[in-house]
Structure formats: C-alpha cells, structure tokens
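Colleague: Provided herewith: input.tsv, TSV, N, CA and C atoms.
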```tsv
chain	number	residue	atom	x	y	z
A	1119	MET	N	-9.45	69.05	251.47
A	1119	MET	CA	-10.81	68.59	251.44
A	1119	MET	C	-11.15	68.03	252.82
A	1120	SER	N	-12.30	68.42	253.32
A	1120	SER	CA	-12.72	67.95	254.63
A	1120	SER	C	-13.28	66.53	254.53
A	1121	LYS	N	-13.37	65.87	255.66
A	1121	LYS	CA	-13.92	64.51	255.71
A	1121	LYS	C	-15.37	64.52	255.24
A	1122	ARG	N	-16.10	65.53	255.59
A	1122	ARG	CA	-17.51	65.65	255.19
A	1122	ARG	C	-17.62	65.79	253.66
A	1123	GLU	N	-16.78	66.64	253.07
A	1123	GLU	CA	-16.79	66.80	251.62
A	1123	GLU	C	-16.44	65.48	250.93
A	1124	GLN	N	-15.48	64.78	251.50
A	1124	GLN	CA	-15.07	63.49	250.96
A	1124	GLN	C	-16.25	62.51	250.99
A	1125	GLN	N	-16.97	62.47	252.09
A	1125	GLN	CA	-18.13	61.58	252.22
A	1125	GLN	C	-19.24	61.97	251.24
A	1126	GLU	N	-19.45	63.26	251.03
A	1126	GLU	CA	-20.45	63.71	250.06
A	1126	GLU	C	-20.09	63.27	248.65
A	1127	ILE	N	-18.81	63.36	248.32
A	1127	ILE	CA	-18.34	62.93	247.00
A	1127	ILE	C	-18.54	61.42	246.84
A	1128	GLU	N	-18.19	60.66	247.88
A	1128	GLU	CA	-18.37	59.20	247.84
A	1128	GLU	C	-19.84	58.83	247.63
A	1129	GLN	N	-20.73	59.49	248.36
A	1129	GLN	CA	-22.16	59.21	248.24
A	1129	GLN	C	-22.68	59.55	246.84
A	1130	ALA	N	-22.26	60.68	246.31
A	1130	ALA	CA	-22.68	61.08	244.97
A	1130	ALA	C	-22.15	60.11	243.92
A	1131	LEU	N	-20.91	59.68	244.09
A	1131	LEU	CA	-20.31	58.72	243.16
A	1131	LEU	C	-21.03	57.38	243.24
A	1132	ASN	N	-21.33	56.91	244.45
A	1132	ASN	CA	-22.06	55.65	244.62
A	1132	ASN	C	-23.41	55.70	243.92
A	1133	LYS	N	-24.14	56.78	244.11
A	1133	LYS	CA	-25.46	56.92	243.50
A	1133	LYS	C	-25.36	56.97	241.98
A	1134	SER	N	-24.44	57.77	241.47
A	1134	SER	CA	-24.29	57.92	240.04
A	1134	SER	C	-23.87	56.60	239.38
A	1135	LEU	N	-22.89	55.93	239.95
A	1135	LEU	CA	-22.44	54.66	239.39
A	1135	LEU	C	-23.52	53.59	239.44
A	1136	SER	N	-24.26	53.53	240.54
A	1136	SER	CA	-25.35	52.56	240.66
A	1136	SER	C	-26.39	52.78	239.56
A	1137	GLU	N	-26.80	54.02	239.38
A	1137	GLU	CA	-27.79	54.34	238.35
A	1137	GLU	C	-27.27	54.00	236.96
A	1138	ASP	N	-26.02	54.34	236.68
A	1138	ASP	CA	-25.43	54.06	235.37
A	1138	ASP	C	-25.33	52.56	235.11
A	1139	LEU	N	-24.95	51.80	236.13
A	1139	LEU	CA	-24.82	50.35	235.96
A	1139	LEU	C	-26.18	49.69	235.75
A	1140	VAL	N	-27.20	50.16	236.44
A	1140	VAL	CA	-28.55	49.62	236.23
A	1140	VAL	C	-29.00	49.90	234.80
A	1141	LYS	N	-28.78	51.11	234.32
A	1141	LYS	CA	-29.15	51.45	232.94
A	1141	LYS	C	-28.39	50.58	231.95
A	1142	PHE	N	-27.12	50.34	232.20
A	1142	PHE	CA	-26.30	49.50	231.34
A	1142	PHE	C	-26.82	48.07	231.31
A	1143	LEU	N	-27.11	47.51	232.48
A	1143	LEU	CA	-27.63	46.14	232.56
A	1143	LEU	C	-29.00	46.03	231.89
A	1144	GLU	N	-29.84	47.04	232.05
A	1144	GLU	CA	-31.15	47.04	231.40
A	1144	GLU	C	-31.01	47.12	229.89
A	1145	LYS	N	-30.06	47.89	229.43
A	1145	LYS	CA	-29.83	48.00	227.99
A	1145	LYS	C	-29.41	46.65	227.40
A	1146	ILE	N	-28.52	45.97	228.11
A	1146	ILE	CA	-28.09	44.64	227.66
A	1146	ILE	C	-29.28	43.68	227.68
A	1147	ARG	N	-30.04	43.69	228.78
A	1147	ARG	CA	-31.21	42.82	228.91
A	1147	ARG	C	-32.21	43.07	227.78
A	1148	ASP	N	-32.45	44.34	227.46
A	1148	ASP	CA	-33.45	44.70	226.45
A	1148	ASP	C	-33.05	44.27	225.04
A	1149	THR	N	-31.76	44.00	224.82
A	1149	THR	CA	-31.34	43.49	223.51
A	1149	THR	C	-31.59	41.99	223.40
A	1150	GLY	N	-31.86	41.34	224.55
A	1150	GLY	CA	-32.08	39.90	224.56
A	1150	GLY	C	-30.80	39.12	224.75
A	1151	LEU	N	-29.69	39.81	224.87
A	1151	LEU	CA	-28.41	39.14	225.07
A	1151	LEU	C	-28.17	38.89	226.56
A	1152	ASP	N	-27.27	37.98	226.85
A	1152	ASP	CA	-26.95	37.66	228.24
A	1152	ASP	C	-25.44	37.42	228.37
A	1153	PRO	N	-24.62	38.45	228.09
A	1153	PRO	CA	-23.18	38.25	228.12
A	1153	PRO	C	-22.60	38.02	229.52
A	1154	LEU	N	-23.36	38.36	230.55
A	1154	LEU	CA	-22.87	38.17	231.90
A	1154	LEU	C	-23.23	36.80	232.47
A	1155	GLY	N	-24.00	36.02	231.74
A	1155	GLY	CA	-24.27	34.64	232.13
A	1155	GLY	C	-25.33	34.45	233.20
A	1156	PHE	N	-26.28	35.38	233.31
A	1156	PHE	CA	-27.35	35.19	234.28
A	1156	PHE	C	-28.16	33.93	233.94
A	1157	GLY	N	-28.37	33.68	232.67
A	1157	GLY	CA	-29.11	32.50	232.24
A	1157	GLY	C	-28.39	31.21	232.61
A	1158	LEU	N	-27.08	31.20	232.51
A	1158	LEU	CA	-26.32	30.00	232.88
A	1158	LEU	C	-26.52	29.69	234.36
A	1159	ARG	N	-26.53	30.72	235.18
A	1159	ARG	CA	-26.78	30.49	236.61
A	1159	ARG	C	-28.18	29.96	236.82
A	1160	PHE	N	-29.15	30.53	236.10
A	1160	PHE	CA	-30.53	30.06	236.22
A	1160	PHE	C	-30.62	28.59	235.83
A	1161	TYR	N	-30.03	28.24	234.69
A	1161	TYR	CA	-30.07	26.84	234.25
A	1161	TYR	C	-29.36	25.92	235.24
A	1162	GLY	N	-28.30	26.40	235.84
A	1162	GLY	CA	-27.55	25.58	236.78
A	1162	GLY	C	-28.24	25.36	238.11
A	1163	THR	N	-29.23	26.18	238.42
A	1163	THR	CA	-29.91	26.05	239.70
A	1163	THR	C	-31.35	25.58	239.57
A	1164	HIS	N	-31.81	25.34	238.36
A	1164	HIS	CA	-33.16	24.83	238.13
A	1164	HIS	C	-33.05	23.51	237.39
A	1165	TRP	N	-33.75	22.52	237.89
A	1165	TRP	CA	-33.50	21.15	237.42
A	1165	TRP	C	-34.57	20.60	236.50
A	1166	ASN	N	-35.53	21.38	236.10
A	1166	ASN	CA	-36.56	20.88	235.19
A	1166	ASN	C	-36.16	21.22	233.76
A	1167	ASN	N	-35.43	20.33	233.13
A	1167	ASN	CA	-34.88	20.60	231.80
A	1167	ASN	C	-35.94	20.84	230.73
A	1168	ARG	N	-37.13	20.32	230.94
A	1168	ARG	CA	-38.17	20.48	229.92
A	1168	ARG	C	-38.71	21.90	229.86
A	1169	THR	N	-38.73	22.60	230.98
A	1169	THR	CA	-39.36	23.92	231.00
A	1169	THR	C	-38.43	25.07	231.35
A	1170	GLU	N	-37.20	24.77	231.75
A	1170	GLU	CA	-36.35	25.87	232.24
A	1170	GLU	C	-36.02	26.89	231.16
A	1171	GLU	N	-35.85	26.47	229.92
A	1171	GLU	CA	-35.56	27.44	228.86
A	1171	GLU	C	-36.75	28.36	228.62
A	1172	GLU	N	-37.94	27.79	228.61
A	1172	GLU	CA	-39.14	28.62	228.43
A	1172	GLU	C	-39.31	29.57	229.62
A	1173	GLN	N	-39.05	29.07	230.83
A	1173	GLN	CA	-39.15	29.92	232.01
A	1173	GLN	C	-38.17	31.09	231.92
A	1174	TRP	N	-36.94	30.79	231.52
A	1174	TRP	CA	-35.91	31.83	231.43
A	1174	TRP	C	-36.30	32.89	230.40
A	1175	LYS	N	-36.82	32.46	229.27
A	1175	LYS	CA	-37.22	33.41	228.23
A	1175	LYS	C	-38.36	34.30	228.71
A	1176	GLU	N	-39.18	33.80	229.61
A	1176	GLU	CA	-40.27	34.58	230.16
A	1176	GLU	C	-39.78	35.52	231.27
A	1177	ILE	N	-38.84	35.04	232.07
A	1177	ILE	CA	-38.35	35.79	233.23
A	1177	ILE	C	-37.38	36.90	232.83
A	1178	TYR	N	-36.45	36.60	231.94
A	1178	TYR	CA	-35.33	37.52	231.67
A	1178	TYR	C	-35.77	38.92	231.26
A	1179	PRO	N	-36.76	39.09	230.39
A	1179	PRO	CA	-37.14	40.47	230.02
A	1179	PRO	C	-37.70	41.29	231.17
A	1180	ARG	N	-38.12	40.62	232.25
A	1180	ARG	CA	-38.73	41.33	233.38
A	1180	ARG	C	-37.80	41.48	234.57
A	1181	ILE	N	-36.58	41.02	234.44
A	1181	ILE	CA	-35.64	41.08	235.56
A	1181	ILE	C	-35.39	42.53	235.95
A	1182	ARG	N	-35.41	42.77	237.26
A	1182	ARG	CA	-35.09	44.09	237.80
A	1182	ARG	C	-33.73	44.01	238.45
A	1183	PHE	N	-32.85	44.91	238.11
A	1183	PHE	CA	-31.50	44.91	238.65
A	1183	PHE	C	-31.39	45.85	239.84
A	1184	GLU	N	-30.69	45.41	240.85
A	1184	GLU	CA	-30.36	46.25	242.00
A	1184	GLU	C	-28.85	46.24	242.13
A	1185	VAL	N	-28.25	47.42	242.04
A	1185	VAL	CA	-26.79	47.54	242.10
A	1185	VAL	C	-26.43	48.40	243.29
A	1186	LYS	N	-25.51	47.90	244.09
A	1186	LYS	CA	-25.02	48.68	245.23
A	1186	LYS	C	-23.53	48.91	245.02
A	1187	VAL	N	-23.16	50.16	244.91
A	1187	VAL	CA	-21.76	50.54	244.73
A	1187	VAL	C	-21.28	51.15	246.03
A	1188	ASN	N	-20.09	50.76	246.44
A	1188	ASN	CA	-19.52	51.29	247.68
A	1188	ASN	C	-18.08	51.73	247.39
A	1189	THR	N	-17.94	53.02	247.10
A	1189	THR	CA	-16.62	53.55	246.80
A	1189	THR	C	-16.02	54.18	248.05
A	1190	SER	N	-14.73	54.33	248.01
A	1190	SER	CA	-14.02	54.96	249.12
A	1190	SER	C	-12.91	55.82	248.54
A	1191	VAL	N	-13.00	57.12	248.80
A	1191	VAL	CA	-11.97	58.05	248.34
A	1191	VAL	C	-10.87	58.06	249.40
A	1192	LYS	N	-9.70	57.61	249.02
A	1192	LYS	CA	-8.57	57.53	249.97
A	1192	LYS	C	-7.77	58.84	250.00
A	1193	SER	N	-7.70	59.48	248.84
A	1193	SER	CA	-6.92	60.70	248.75
A	1193	SER	C	-7.37	61.50	247.56
A	1194	THR	N	-7.19	62.80	247.64
A	1194	THR	CA	-7.54	63.65	246.51
A	1194	THR	C	-6.40	63.72	245.52
A	1195	GLY	N	-5.25	63.27	245.93
A	1195	GLY	CA	-4.08	63.36	245.06
A	1195	GLY	C	-3.41	64.72	245.13
A	1196	TYR	N	-3.96	65.57	245.96
A	1196	TYR	CA	-3.41	66.92	246.10
A	1196	TYR	C	-2.47	66.95	247.29
A	1197	ASN	N	-1.25	67.39	247.06
A	1197	ASN	CA	-0.25	67.53	248.11
A	1197	ASN	C	0.08	68.99	248.30
A	1198	ARG	N	0.06	69.45	249.50
A	1198	ARG	CA	0.37	70.87	249.75
A	1198	ARG	C	1.84	71.10	249.80
```
In structure tokens, what does this structure look like?

Modeller:
Amino acid sequence: MSKREQQEIEQALNKSLSEDLVKFLEKIRDTGLDPLGFGLRFYGTHWNNRTEEEQWKEIYPRIRFEVKVNTSVKSTGYNR
C-alpha cells in the first residue's frame, strides 16, 4: 500500500467515524439521557443554583456536537 493510499484510508476513516459518533451522541441526547455527564460539567461550571437546572433542560436538546477523529494507520498487517 502506498503512502497516498494509506492517507486516503485514514481520511475516509476519520470522516466516517466522526459522522457515526455525532449520530450516536445525537441519539443519546434525543432520548433525554446524559450518560456521558455533560450536565454534570454544566452544573459544575455554573453557579446560579436556582436556574441552572432549568437552563440545562432548555440547552441540552439543542446541543450541537462536533467530533474530530484523528486516526493513524501504522501498518496494513500484510507481510510480503
């Protein structure tokens, strides 16, 4: 495999994984669950205890995820 082919595979894998992860995170978000603890971080960085829960409930359904995947193919596993 040439270096160029390897780079093309890495780019395609990065794009595919990024898209899949965004879809996965959106699916979790759309259920209303927060298993990754984004809300805990929000609560930990906002100090208005009277309104932070209401703010989070308003913000969370509209969150947009940006995922950057950076893979590196070291070897094809093929030995001549």

Colleague: When you draw a straight line from atom C of Gln1124 (chain A) to atom C of Asp1138 (chain A), how long is it in Å?

Modeller: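 Atom C of Asp1138 (chain A) lies at a distance of 20.8 Å from atom C of Gln1124 (chain A).
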
Colleague: As a compact mmCIF listing (two decimals) with N, CA and C atoms, keeping the file's coordinate frame, please: every residue in chain A that a backbone DSSP assignment puts in alpha helix (DSSP H).

Modeller:
```
# COMPACT_ATOMS: atom_id res chain seq x y z
N LYS A 1121 -13.37 65.87 255.66
CA LYS A 1121 -13.92 64.51 255.71
C LYS A 1121 -15.37 64.52 255.24
N ARG A 1122 -16.10 65.53 255.59
CA ARG A 1122 -17.51 65.65 255.19
C ARG A 1122 -17.62 65.79 253.66
N GLU A 1123 -16.78 66.64 253.07
CA GLU A 1123 -16.79 66.80 251.62
C GLU A 1123 -16.44 65.48 250.93
N GLN A 1124 -15.48 64.78 251.50
CA GLN A 1124 -15.07 63.49 250.96
C GLN A 1124 -16.25 62.51 250.99
N GLN A 1125 -16.97 62.47 252.09
CA GLN A 1125 -18.13 61.58 252.22
C GLN A 1125 -19.24 61.97 251.24
N GLU A 1126 -19.45 63.26 251.03
CA GLU A 1126 -20.45 63.71 250.06
C GLU A 1126 -20.09 63.27 248.65
N ILE A 1127 -18.81 63.36 248.32
CA ILE A 1127 -18.34 62.93 247.00
C ILE A 1127 -18.54 61.42 246.84
N GLU A 1128 -18.19 60.66 247.88
CA GLU A 1128 -18.37 59.20 247.84
C GLU A 1128 -19.84 58.83 247.63
N GLN A 1129 -20.73 59.49 248.36
CA GLN A 1129 -22.16 59.21 248.24
C GLN A 1129 -22.68 59.55 246.84
N ALA A 1130 -22.26 60.68 246.31
CA ALA A 1130 -22.68 61.08 244.97
C ALA A 1130 -22.15 60.11 243.92
N LEU A 1131 -20.91 59.68 244.09
CA LEU A 1131 -20.31 58.72 243.16
C LEU A 1131 -21.03 57.38 243.24
N ASN A 1132 -21.33 56.91 244.45
CA ASN A 1132 -22.06 55.65 244.62
C ASN A 1132 -23.41 55.70 243.92
N LYS A 1133 -24.14 56.78 244.11
CA LYS A 1133 -25.46 56.92 243.50
C LYS A 1133 -25.36 56.97 241.98
N SER A 1134 -24.44 57.77 241.47
CA SER A 1134 -24.29 57.92 240.04
C SER A 1134 -23.87 56.60 239.38
N LEU A 1135 -22.89 55.93 239.95
CA LEU A 1135 -22.44 54.66 239.39
C LEU A 1135 -23.52 53.59 239.44
N SER A 1136 -24.26 53.53 240.54
CA SER A 1136 -25.35 52.56 240.66
C SER A 1136 -26.39 52.78 239.56
N GLU A 1137 -26.80 54.02 239.38
CA GLU A 1137 -27.79 54.34 238.35
C GLU A 1137 -27.27 54.00 236.96
N ASP A 1138 -26.02 54.34 236.68
CA ASP A 1138 -25.43 54.06 235.37
C ASP A 1138 -25.33 52.56 235.11
N LEU A 1139 -24.95 51.80 236.13
CA LEU A 1139 -24.82 50.35 235.96
C LEU A 1139 -26.18 49.69 235.75
N VAL A 1140 -27.20 50.16 236.44
CA VAL A 1140 -28.55 49.62 236.23
C VAL A 1140 -29.00 49.90 234.80
N LYS A 1141 -28.78 51.11 234.32
CA LYS A 1141 -29.15 51.45 232.94
C LYS A 1141 -28.39 50.58 231.95
N PHE A 1142 -27.12 50.34 232.20
CA PHE A 1142 -26.30 49.50 231.34
C PHE A 1142 -26.82 48.07 231.31
N LEU A 1143 -27.11 47.51 232.48
CA LEU A 1143 -27.63 46.14 232.56
C LEU A 1143 -29.00 46.03 231.89
N GLU A 1144 -29.84 47.04 232.05
CA GLU A 1144 -31.15 47.04 231.40
C GLU A 1144 -31.01 47.12 229.89
N LYS A 1145 -30.06 47.89 229.43
CA LYS A 1145 -29.83 48.00 227.99
C LYS A 1145 -29.41 46.65 227.40
N ILE A 1146 -28.52 45.97 228.11
CA ILE A 1146 -28.09 44.64 227.66
C ILE A 1146 -29.28 43.68 227.68
N ARG A 1147 -30.04 43.69 228.78
CA ARG A 1147 -31.21 42.82 228.91
C ARG A 1147 -32.21 43.07 227.78
N ASP A 1148 -32.45 44.34 227.46
CA ASP A 1148 -33.45 44.70 226.45
C ASP A 1148 -33.05 44.27 225.04
N THR A 1149 -31.76 44.00 224.82
CA THR A 1149 -31.34 43.49 223.51
C THR A 1149 -31.59 41.99 223.40
N PHE A 1156 -26.28 35.38 233.31
CA PHE A 1156 -27.35 35.19 234.28
C PHE A 1156 -28.16 33.93 233.94
N GLY A 1157 -28.37 33.68 232.67
CA GLY A 1157 -29.11 32.50 232.24
C GLY A 1157 -28.39 31.21 232.61
N LEU A 1158 -27.08 31.20 232.51
CA LEU A 1158 -26.32 30.00 232.88
C LEU A 1158 -26.52 29.69 234.36
N ARG A 1159 -26.53 30.72 235.18
CA ARG A 1159 -26.78 30.49 236.61
C ARG A 1159 -28.18 29.96 236.82
N PHE A 1160 -29.15 30.53 236.10
CA PHE A 1160 -30.53 30.06 236.22
C PHE A 1160 -30.62 28.59 235.83
N TYR A 1161 -30.03 28.24 234.69
CA TYR A 1161 -30.07 26.84 234.25
C TYR A 1161 -29.36 25.92 235.24
N GLY A 1162 -28.30 26.40 235.84
CA GLY A 1162 -27.55 25.58 236.78
C GLY A 1162 -28.24 25.36 238.11
N THR A 1163 -29.23 26.18 238.42
CA THR A 1163 -29.91 26.05 239.70
C THR A 1163 -31.35 25.58 239.57
N GLU A 1170 -37.20 24.77 231.75
CA GLU A 1170 -36.35 25.87 232.24
C GLU A 1170 -36.02 26.89 231.16
N GLU A 1171 -35.85 26.47 229.92
CA GLU A 1171 -35.56 27.44 228.86
C GLU A 1171 -36.75 28.36 228.62
N GLU A 1172 -37.94 27.79 228.61
CA GLU A 1172 -39.14 28.62 228.43
C GLU A 1172 -39.31 29.57 229.62
N GLN A 1173 -39.05 29.07 230.83
CA GLN A 1173 -39.15 29.92 232.01
C GLN A 1173 -38.17 31.09 231.92
N TRP A 1174 -36.94 30.79 231.52
CA TRP A 1174 -35.91 31.83 231.43
C TRP A 1174 -36.30 32.89 230.40
N LYS A 1175 -36.82 32.46 229.27
CA LYS A 1175 -37.22 33.41 228.23
C LYS A 1175 -38.36 34.30 228.71
N GLU A 1176 -39.18 33.80 229.61
CA GLU A 1176 -40.27 34.58 230.16
C GLU A 1176 -39.78 35.52 231.27
N ILE A 1177 -38.84 35.04 232.07
CA ILE A 1177 -38.35 35.79 233.23
C ILE A 1177 -37.38 36.90 232.83
```

Colleague: Can you tell me how far atom N of Val1187 (chain A) sits from atom N of Leu1139 (chain A), in Å to one decimal?

Modeller: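 Computed distance, atom N of Val1187 (chain A) to atom N of Leu1139 (chain A), equals 9.1 Å.
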
Colleague: Calculated over only N, CA and C atoms, which of the candidates A:Glu1137, A:Glu1123, A:Glu1128, A:Asp1148 has the smallest distance to Tyr1178 (chain A)?

Modeller: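 Closest residue, counting only N, CA and C atoms: A:Asp1148.
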
Colleague: Work out how far apart CA of Asn1132 (chain A) and CA of Lys1145 (chain A) are and give it in Å to one decimal.

Modeller: 19.9 Å

Colleague: Compile the contact shell of Gln1129 (chain A) as JSON, numbers by chain: residues with an atom at most 12 Å away, counting only C-alpha atoms, same-chain residues fewer than 6 positions apart removed.

Modeller: {"A": [1122, 1123, 1135, 1136, 1186, 1187, 1188, 1189, 1190, 1191]}
